[in-house]
Amino acid sequence: MSAEASGRPERRADIVVCPGGPMLVRGDVVIETEDGVRHESTRPVSAVCRCEKSARKPWCDGTHKLLPGWR
Amino acid sequence: MLLPQARGALSAALLDLLRRDPDPDRTAPAPVWPVSADSSADEALSLWVLQELHYRGFDDVDDRWEWDPTTIALRGRLERALEGRLRERYAVADVPRSDDLVDDVQTMIEQHDGPSLAKHVQQHASREQTETLLRQRTVYHLKEADPTTWVVPRLGAGPKAALLEVQFDEYGNGDPGRLHHALFERGLVASGLSATYGDYVDEALPEVLEQNTTLSMFGLQRRLRGAALGHLAAFEATSSIPSRQLAQGLRRLGFPEEMTAYYDEHVEADAVHEQVALRDVCLVLAKDEPDQAELVRFGAWACLDLECRTAEAVLGLWAAA
Ligand code: FES
């Protein structure tokens, strides 16, 4: 079965927004936060915090699960 | 690793057999397996030993026993009994079944309330209690990710590639020094504990053995691939926050940096793995093979159920000490 026949797009997404969760980013990235600090990714896929409550910003540390409306 | 100590009549007979040469042509009659009075620990250990033949084996066992009809028959019998016990509990569990599998698994996790060992370690467990827990965890953490790797060749392209994205990270992205079970080994050694695979199996609780034999059963039986992946999703989804609590507790107790580093690594890693495992592995598997969706729920439920039983058993150990 081809990727298209099975309903899968030919190319996967590099950036994925997870409902109620973080944003996945694939590949080596450098993120500059508001304070001007640069953060280099250390793994092939990184989860970037969207809830603003992570203790390890800019990376997701699962804290969003404790917030209402997130999971 | 050497064979562990027997825990009853069945494991004693099995260990005795495994110390001999295999008999592929069956010149001797097949063994009649005894049943011991307290069969749960005895059966759990026997199954664990039989499954280990498929991983890295035992220094005092001939490798040919792995595929000997005698060992395969007993493994099959013990796995059928284990699956039967799990399914009996699953049948009466409150399992959400909507047309949104991701939502079902997340709801199951949110509704689940078992004791949290991580919270105990974070807040008030003693160093001795924490070491007891770490020794129990060696049974899994020293072969972390391996049971799920059995599933890879049994999947279509979508879930296969996504599963490997998770597994590759578990295996250190090609760097043996960053492989998760190698990180745990370093943490154990720095903490004055043994990092030799199998060293603490003799003190492993039956609940811990069963947690491990279930995962190996899901991995080794192609029929149960959906359960292996559902287990993975629930495991990763219940890891980030507890890992952070464990790291905090280990720092509070003055454990070396190598041990906290293992749990620190899991905070960010598992926040990623959870998403990939749920959406790109389990959901895509269920779209490719709709009959696997219920097995994904079963595997996720089993992960939560077995961790709850382990947590209660460890609390019992702590209380008894
Ligand atoms: S999105 Fe996960 S901690 Fe913020």
# chains A, B, ... in the order shown; residues from 1 in each chain; ligands from 1
call {"tool": "closest_atom_pairs", "arguments": {"of": "chain A", "to": "ligand 1", "cutoff": "6 Å", "atoms": "only C-alpha atoms and all ligand atoms", "output": "CSV"}}
result
residue,atom,partner,partner_atom_place_in_ligand_line,distance
A:Gly21,CA,ligand 1,1 (S),4.9
A:Pro22,CA,ligand 1,1 (S),3.9
A:Cys49,CA,ligand 1,1 (S),3.7
A:Arg50,CA,ligand 1,1 (S),4.3
A:Cys51,CA,ligand 1,4 (Fe),3.9
A:Glu52,CA,ligand 1,4 (Fe),5.3
A:Lys53,CA,ligand 1,4 (Fe),5.2
A:Ser54,CA,ligand 1,3 (S),4.0
A:Cys60,CA,ligand 1,2 (Fe),3.9
A:Asp61,CA,ligand 1,3 (S),4.6
A:Gly62,CA,ligand 1,2 (Fe),4.4
A:Thr63,CA,ligand 1,3 (S),4.1
A:His64,CA,ligand 1,3 (S),4.3
call {"tool": "select_by_dssp", "arguments": {"residues": "chain A", "states": "strand (DSSP E)", "output": "ChimeraX atom specification"}}
result
/A:15-17,23-26,30-32,38-40,45-48
call {"tool": "write_last_selection", "arguments": {"atoms": "C-alpha atoms", "output": "PDB file, in the first residue's frame"}}
result
ATOM      1  CA  ILE A  15       6.702  20.983  13.480  1.00  0.00           C
ATOM      2  CA  VAL A  16       3.615  19.504  15.137  1.00  0.00           C
ATOM      3  CA  VAL A  17       1.310  21.306  17.539  1.00  0.00           C
ATOM      4  CA  MET A  23       4.881  21.692  20.090  1.00  0.00           C
ATOM      5  CA  LEU A  24       7.135  19.018  18.626  1.00  0.00           C
ATOM      6  CA  VAL A  25      10.082  20.250  16.590  1.00  0.00           C
ATOM      7  CA  ARG A  26      12.178  17.854  14.516  1.00  0.00           C
ATOM      8  CA  VAL A  30      18.327  26.837  18.456  1.00  0.00           C
ATOM      9  CA  ILE A  31      15.580  28.686  20.292  1.00  0.00           C
ATOM     10  CA  GLU A  32      16.117  32.211  21.534  1.00  0.00           C
ATOM     11  CA  ARG A  38      19.850  30.724  23.212  1.00  0.00           C
ATOM     12  CA  HIS A  39      18.836  27.094  23.837  1.00  0.00           C
ATOM     13  CA  GLU A  40      20.171  24.324  21.580  1.00  0.00           C
ATOM     14  CA  VAL A  45      12.761  15.590  18.281  1.00  0.00           C
ATOM     15  CA  SER A  46      12.184  18.224  20.948  1.00  0.00           C
ATOM     16  CA  ALA A  47       9.002  19.275  22.718  1.00  0.00           C
ATOM     17  CA  VAL A  48       8.713  23.044  23.055  1.00  0.00           C
TER      18      VAL A  48
END
call {"tool": "interface_residues", "arguments": {"of": "chain B", "to": "chain A", "cutoff": "8 Å", "atoms": "only C-alpha atoms", "output": "PyMOL selection string"}}
result
chain B and resi 106+158+169+173+240-241+267-269+271-272+275+288
call {"tool": "select_by_dssp", "arguments": {"residues": "region 17-262 of chain B", "states": "helix (DSSP H, G or I)", "output": "JSON, numbers by chain"}}
result
{"B": [17, 18, 39, 40, 41, 42, 43, 44, 45, 46, 47, 48, 49, 50, 51, 52, 63, 64, 65, 66, 67, 69, 70, 71, 72, 73, 74, 75, 76, 77, 78, 79, 80, 81, 82, 83, 84, 85, 86, 87, 88, 89, 90, 91, 101, 102, 103, 104, 105, 106, 107, 108, 109, 110, 111, 117, 118, 119, 120, 121, 122, 123, 127, 128, 129, 130, 131, 132, 133, 134, 135, 136, 137, 138, 139, 140, 141, 146, 147, 148, 149, 152, 153, 154, 157, 158, 159, 160, 161, 162, 163, 164, 165, 166, 167, 168, 169, 170, 172, 173, 174, 176, 177, 178, 180, 181, 182, 183, 184, 185, 186, 187, 188, 189, 190, 201, 202, 203, 206, 207, 208, 209, 210, 211, 212, 213, 214, 215, 216, 217, 218, 219, 220, 222, 223, 224, 225, 226, 227, 228, 229, 230, 231, 232, 233, 234, 235, 236, 237, 240, 241, 242, 243, 244, 245, 246, 247, 248, 249, 250, 251, 252, 257, 258, 259, 260, 261, 262]}
call {"tool": "closest_residue", "arguments": {"among": "B:Trp318, B:Tyr140, B:Trp33, B:Phe298", "to": "Val92 (chain B)", "atoms": "only C-alpha atoms"}}
result
B:Phe298
call {"tool": "atom_distance", "arguments": {"atom1": "CA of Trp70 (chain A)", "atom2": "CA of Tyr262 (chain B)"}}
result
26.6 Å
call {"tool": "residues_around", "arguments": {"residues": "Leu3 (chain B)", "least_positions_apart": "4", "cutoff": "9 Å", "atoms": "only C-alpha atoms", "output": "PDB file with all heavy atoms, in the first residue's frame"}}
result
ATOM      1  N   LEU B  15      14.780 -24.591  36.623  1.00  0.00           N
ATOM      2  CA  LEU B  15      16.210 -24.269  36.737  1.00  0.00           C
ATOM      3  C   LEU B  15      17.040 -25.541  36.630  1.00  0.00           C
ATOM      4  O   LEU B  15      18.092 -25.558  35.989  1.00  0.00           O
ATOM      5  CB  LEU B  15      16.505 -23.555  38.063  1.00  0.00           C
ATOM      6  CG  LEU B  15      15.771 -22.222  38.282  1.00  0.00           C
ATOM      7  CD1 LEU B  15      16.192 -21.592  39.600  1.00  0.00           C
ATOM      8  CD2 LEU B  15      16.008 -21.246  37.150  1.00  0.00           C
ATOM      9  N   LEU B  18      17.226 -26.439  32.976  1.00  0.00           N
ATOM     10  CA  LEU B  18      18.051 -25.528  32.181  1.00  0.00           C
ATOM     11  C   LEU B  18      19.549 -25.708  32.441  1.00  0.00           C
ATOM     12  O   LEU B  18      20.369 -25.304  31.622  1.00  0.00           O
ATOM     13  CB  LEU B  18      17.656 -24.074  32.445  1.00  0.00           C
ATOM     14  CG  LEU B  18      16.255 -23.662  31.968  1.00  0.00           C
ATOM     15  CD1 LEU B  18      15.970 -22.213  32.329  1.00  0.00           C
ATOM     16  CD2 LEU B  18      16.109 -23.866  30.458  1.00  0.00           C
ATOM     17  N   ARG B  19      19.884 -26.290  33.583  1.00  0.00           N
ATOM     18  CA  ARG B  19      21.307 -26.525  33.878  1.00  0.00           C
ATOM     19  C   ARG B  19      21.838 -27.727  33.108  1.00  0.00           C
ATOM     20  O   ARG B  19      23.024 -27.963  33.054  1.00  0.00           O
ATOM     21  CB  ARG B  19      21.517 -26.727  35.381  1.00  0.00           C
ATOM     22  CG  ARG B  19      21.375 -25.417  36.152  1.00  0.00           C
ATOM     23  CD  ARG B  19      21.949 -25.502  37.563  1.00  0.00           C
ATOM     24  NE  ARG B  19      21.897 -24.194  38.177  1.00  0.00           N
ATOM     25  CZ  ARG B  19      20.902 -23.768  38.962  1.00  0.00           C
ATOM     26  NH1 ARG B  19      19.898 -24.581  39.250  1.00  0.00           N
ATOM     27  NH2 ARG B  19      20.913 -22.547  39.464  1.00  0.00           N
ATOM     28  N   VAL B  49      12.429 -16.140  33.738  1.00  0.00           N
ATOM     29  CA  VAL B  49      13.615 -16.892  33.296  1.00  0.00           C
ATOM     30  C   VAL B  49      13.446 -17.343  31.841  1.00  0.00           C
ATOM     31  O   VAL B  49      14.344 -17.191  31.012  1.00  0.00           O
ATOM     32  CB  VAL B  49      13.858 -18.108  34.219  1.00  0.00           C
ATOM     33  CG1 VAL B  49      14.858 -19.071  33.609  1.00  0.00           C
ATOM     34  CG2 VAL B  49      14.335 -17.644  35.596  1.00  0.00           C
ATOM     35  N   PHE B  58      21.587 -16.701  29.970  1.00  0.00           N
ATOM     36  CA  PHE B  58      22.282 -16.911  31.252  1.00  0.00           C
ATOM     37  C   PHE B  58      23.612 -17.588  30.967  1.00  0.00           C
ATOM     38  O   PHE B  58      23.690 -18.482  30.118  1.00  0.00           O
ATOM     39  CB  PHE B  58      21.446 -17.811  32.172  1.00  0.00           C
ATOM     40  CG  PHE B  58      20.097 -17.236  32.517  1.00  0.00           C
ATOM     41  CD1 PHE B  58      18.981 -17.510  31.713  1.00  0.00           C
ATOM     42  CD2 PHE B  58      19.942 -16.406  33.616  1.00  0.00           C
ATOM     43  CE1 PHE B  58      17.741 -16.975  32.020  1.00  0.00           C
ATOM     44  CE2 PHE B  58      18.703 -15.861  33.930  1.00  0.00           C
ATOM     45  CZ  PHE B  58      17.596 -16.145  33.122  1.00  0.00           C
ATOM     46  N   ASP B  59      24.633 -17.188  31.724  1.00  0.00           N
ATOM     47  CA  ASP B  59      25.965 -17.778  31.516  1.00  0.00           C
ATOM     48  C   ASP B  59      25.961 -19.272  31.807  1.00  0.00           C
ATOM     49  O   ASP B  59      26.774 -20.011  31.258  1.00  0.00           O
ATOM     50  CB  ASP B  59      27.005 -17.090  32.413  1.00  0.00           C
ATOM     51  CG  ASP B  59      27.141 -15.615  32.058  1.00  0.00           C
ATOM     52  OD1 ASP B  59      26.812 -15.258  30.904  1.00  0.00           O
ATOM     53  OD2 ASP B  59      27.552 -14.823  32.935  1.00  0.00           O
ATOM     54  N   ASP B  60      25.049 -19.721  32.690  1.00  0.00           N
ATOM     55  CA  ASP B  60      25.043 -21.138  33.040  1.00  0.00           C
ATOM     56  C   ASP B  60      23.924 -21.920  32.330  1.00  0.00           C
ATOM     57  O   ASP B  60      23.533 -22.991  32.790  1.00  0.00           O
ATOM     58  CB  ASP B  60      24.959 -21.330  34.577  1.00  0.00           C
ATOM     59  CG  ASP B  60      23.897 -20.460  35.248  1.00  0.00           C
ATOM     60  OD1 ASP B  60      23.315 -19.596  34.560  1.00  0.00           O
ATOM     61  OD2 ASP B  60      23.640 -20.650  36.455  1.00  0.00           O
ATOM     62  N   VAL B  61      23.432 -21.369  31.210  1.00  0.00           N
ATOM     63  CA  VAL B  61      22.399 -22.080  30.443  1.00  0.00           C
ATOM     64  C   VAL B  61      22.812 -22.151  28.972  1.00  0.00           C
ATOM     65  O   VAL B  61      23.236 -21.151  28.389  1.00  0.00           O
ATOM     66  CB  VAL B  61      21.023 -21.368  30.569  1.00  0.00           C
ATOM     67  CG1 VAL B  61      19.988 -22.024  29.660  1.00  0.00           C
ATOM     68  CG2 VAL B  61      20.546 -21.375  32.017  1.00  0.00           C
ATOM     69  N   GLY B 198      20.692  -8.475  36.419  1.00  0.00           N
ATOM     70  CA  GLY B 198      20.280  -9.703  37.098  1.00  0.00           C
ATOM     71  C   GLY B 198      20.683  -9.774  38.562  1.00  0.00           C
ATOM     72  O   GLY B 198      20.202 -10.643  39.293  1.00  0.00           O
TER      73      GLY B 198
END
call {"tool": "residues_around", "arguments": {"residues": "Thr213 (chain B)", "least_positions_apart": "5", "cutoff": "9 Å", "atoms": "only C-alpha atoms", "output": "list in words"}}
result
Ala44, Leu45, Leu47, Trp48, Gln51, Glu79, Leu82, Val208 and Phe218 of chain B
call {"tool": "write_last_selection", "arguments": {"atoms": "C-alpha atoms", "output": "PDB file, in the first residue's frame"}}
result
ATOM      1  CA  ALA B  44       6.363 -15.121  37.777  1.00  0.00           C
ATOM      2  CA  LEU B  45      10.003 -16.083  38.233  1.00  0.00           C
ATOM      3  CA  LEU B  47       8.230 -16.978  33.155  1.00  0.00           C
ATOM      4  CA  TRP B  48      10.840 -14.273  33.669  1.00  0.00           C
ATOM      5  CA  GLN B  51      11.675 -14.951  28.531  1.00  0.00           C
ATOM      6  CA  GLU B  79       1.841 -16.471  29.276  1.00  0.00           C
ATOM      7  CA  LEU B  82      -0.826 -14.246  32.759  1.00  0.00           C
ATOM      8  CA  VAL B 208       7.825  -6.340  39.611  1.00  0.00           C
ATOM      9  CA  PHE B 218       3.401  -8.103  24.632  1.00  0.00           C
TER      10      PHE B 218
END
call {"tool": "residues_around", "arguments": {"residues": "region 306-316 of chain B", "least_positions_apart": "6", "cutoff": "10 Å", "atoms": "only C-alpha atoms", "output": "compact mmCIF listing (two decimals) with N, CA, C and O atoms, in the first residue's frame"}}
result
# COMPACT_ATOMS: atom_id res chain seq x y z
N LEU B 86 -4.79 -10.83 33.43
CA LEU B 86 -4.89 -9.42 33.03
C LEU B 86 -6.26 -9.14 32.42
O LEU B 86 -6.92 -8.15 32.74
N HIS B 112 -6.94 7.43 36.39
CA HIS B 112 -6.29 6.40 37.18
C HIS B 112 -5.70 7.01 38.45
O HIS B 112 -4.98 8.00 38.38
N ASP B 113 -6.03 6.43 39.61
CA ASP B 113 -5.37 6.97 40.80
C ASP B 113 -4.78 5.86 41.65
O ASP B 113 -5.44 5.25 42.48
N GLY B 114 -3.52 5.58 41.41
CA GLY B 114 -2.78 4.63 42.25
C GLY B 114 -1.79 5.42 43.08
O GLY B 114 -1.61 6.62 42.85
N PRO B 115 -1.17 4.76 44.05
CA PRO B 115 -0.14 5.47 44.84
C PRO B 115 1.06 5.84 43.96
O PRO B 115 1.37 5.11 43.02
N SER B 116 1.68 6.99 44.26
CA SER B 116 2.83 7.42 43.48
C SER B 116 4.11 7.26 44.29
O SER B 116 4.33 7.96 45.28
N LEU B 117 4.95 6.32 43.86
CA LEU B 117 6.23 6.12 44.55
C LEU B 117 7.12 7.34 44.36
O LEU B 117 7.88 7.72 45.25
N ALA B 118 6.99 7.98 43.19
CA ALA B 118 7.82 9.16 42.90
C ALA B 118 7.55 10.27 43.91
O ALA B 118 8.47 10.92 44.40
N HIS B 120 6.48 9.91 46.97
CA HIS B 120 7.07 9.50 48.25
C HIS B 120 8.56 9.82 48.28
O HIS B 120 9.09 10.33 49.26
N GLN B 129 15.04 3.35 51.78
CA GLN B 129 13.81 3.01 51.04
C GLN B 129 14.01 3.30 49.55
O GLN B 129 13.59 2.51 48.69
N THR B 132 16.02 0.62 47.98
CA THR B 132 15.19 -0.56 47.77
C THR B 132 14.40 -0.41 46.46
O THR B 132 14.33 -1.34 45.65
N LEU B 133 13.84 0.76 46.26
CA LEU B 133 13.08 1.01 45.04
C LEU B 133 13.99 0.92 43.80
O LEU B 133 13.63 0.28 42.81
N GLN B 136 14.63 -2.60 42.85
CA GLN B 136 13.47 -3.20 42.17
C GLN B 136 13.41 -2.72 40.72
O GLN B 136 13.10 -3.48 39.81
N LEU B 205 10.26 -8.20 43.68
CA LEU B 205 8.90 -8.55 44.09
C LEU B 205 8.18 -9.27 42.96
O LEU B 205 8.43 -8.96 41.78
N PRO B 206 7.27 -10.20 43.28
CA PRO B 206 6.51 -10.88 42.20
C PRO B 206 5.80 -9.86 41.31
O PRO B 206 5.71 -10.05 40.09
N GLU B 207 5.32 -8.76 41.91
CA GLU B 207 4.62 -7.74 41.13
C GLU B 207 5.57 -7.09 40.11
O GLU B 207 5.16 -6.75 39.00
N VAL B 208 6.84 -6.93 40.52
CA VAL B 208 7.83 -6.34 39.61
C VAL B 208 8.14 -7.33 38.48
O VAL B 208 8.24 -6.95 37.31
N LEU B 209 8.28 -8.60 38.84
CA LEU B 209 8.54 -9.60 37.81
C LEU B 209 7.39 -9.64 36.82
O LEU B 209 7.59 -9.70 35.60
N GLU B 210 6.16 -9.56 37.34
CA GLU B 210 5.00 -9.65 36.45
C GLU B 210 4.88 -8.43 35.55
O GLU B 210 4.45 -8.54 34.39
N GLN B 211 5.27 -7.27 36.09
CA GLN B 211 5.29 -6.07 35.26
C GLN B 211 6.22 -6.29 34.06
O GLN B 211 5.90 -5.93 32.93
N ASN B 212 7.34 -6.93 34.32
CA ASN B 212 8.32 -7.18 33.27
C ASN B 212 7.91 -8.31 32.33
O ASN B 212 8.10 -8.22 31.12
N THR B 214 4.93 -9.21 31.61
CA THR B 214 3.82 -8.75 30.77
C THR B 214 4.36 -7.99 29.56
O THR B 214 3.94 -8.22 28.43
N PHE B 235 3.13 4.35 29.38
CA PHE B 235 4.38 4.42 30.16
C PHE B 235 5.04 5.78 29.97
O PHE B 235 5.42 6.44 30.93
call {"tool": "closest_residue", "arguments": {"among": "B:Ala261, B:Gln167, B:Leu14, B:Ser39", "to": "Arg244 (chain B)", "atoms": "only C-alpha atoms"}}
result
B:Ala261
call {"tool": "closest_atom_pairs", "arguments": {"of": "region 217-319 of chain B", "to": "region 143-155 of chain B", "cutoff": "7 Å", "atoms": "only C-alpha atoms", "output": "CSV"}}
result
residue,atom,partner,partner_atom,distance
B:Gly219,CA,B:Trp150,CA,5.2
B:Leu220,CA,B:Trp150,CA,6.2
B:Arg222,CA,B:Arg154,CA,6.6
B:Arg225,CA,B:Val151,CA,6.1
B:Ala228,CA,B:Thr148,CA,6.4
call {"tool": "write_last_selection", "arguments": {"atoms": "C-alpha atoms", "output": "compact mmCIF listing (two decimals), in the first residue's frame"}}
result
# COMPACT_ATOMS: atom_id res chain seq x y z
CA GLY B 219 6.68 -7.73 22.75
CA LEU B 220 7.31 -11.39 21.98
CA ARG B 222 3.06 -10.54 17.41
CA ARG B 225 1.62 -5.79 19.16
CA ALA B 228 2.90 -3.44 23.48
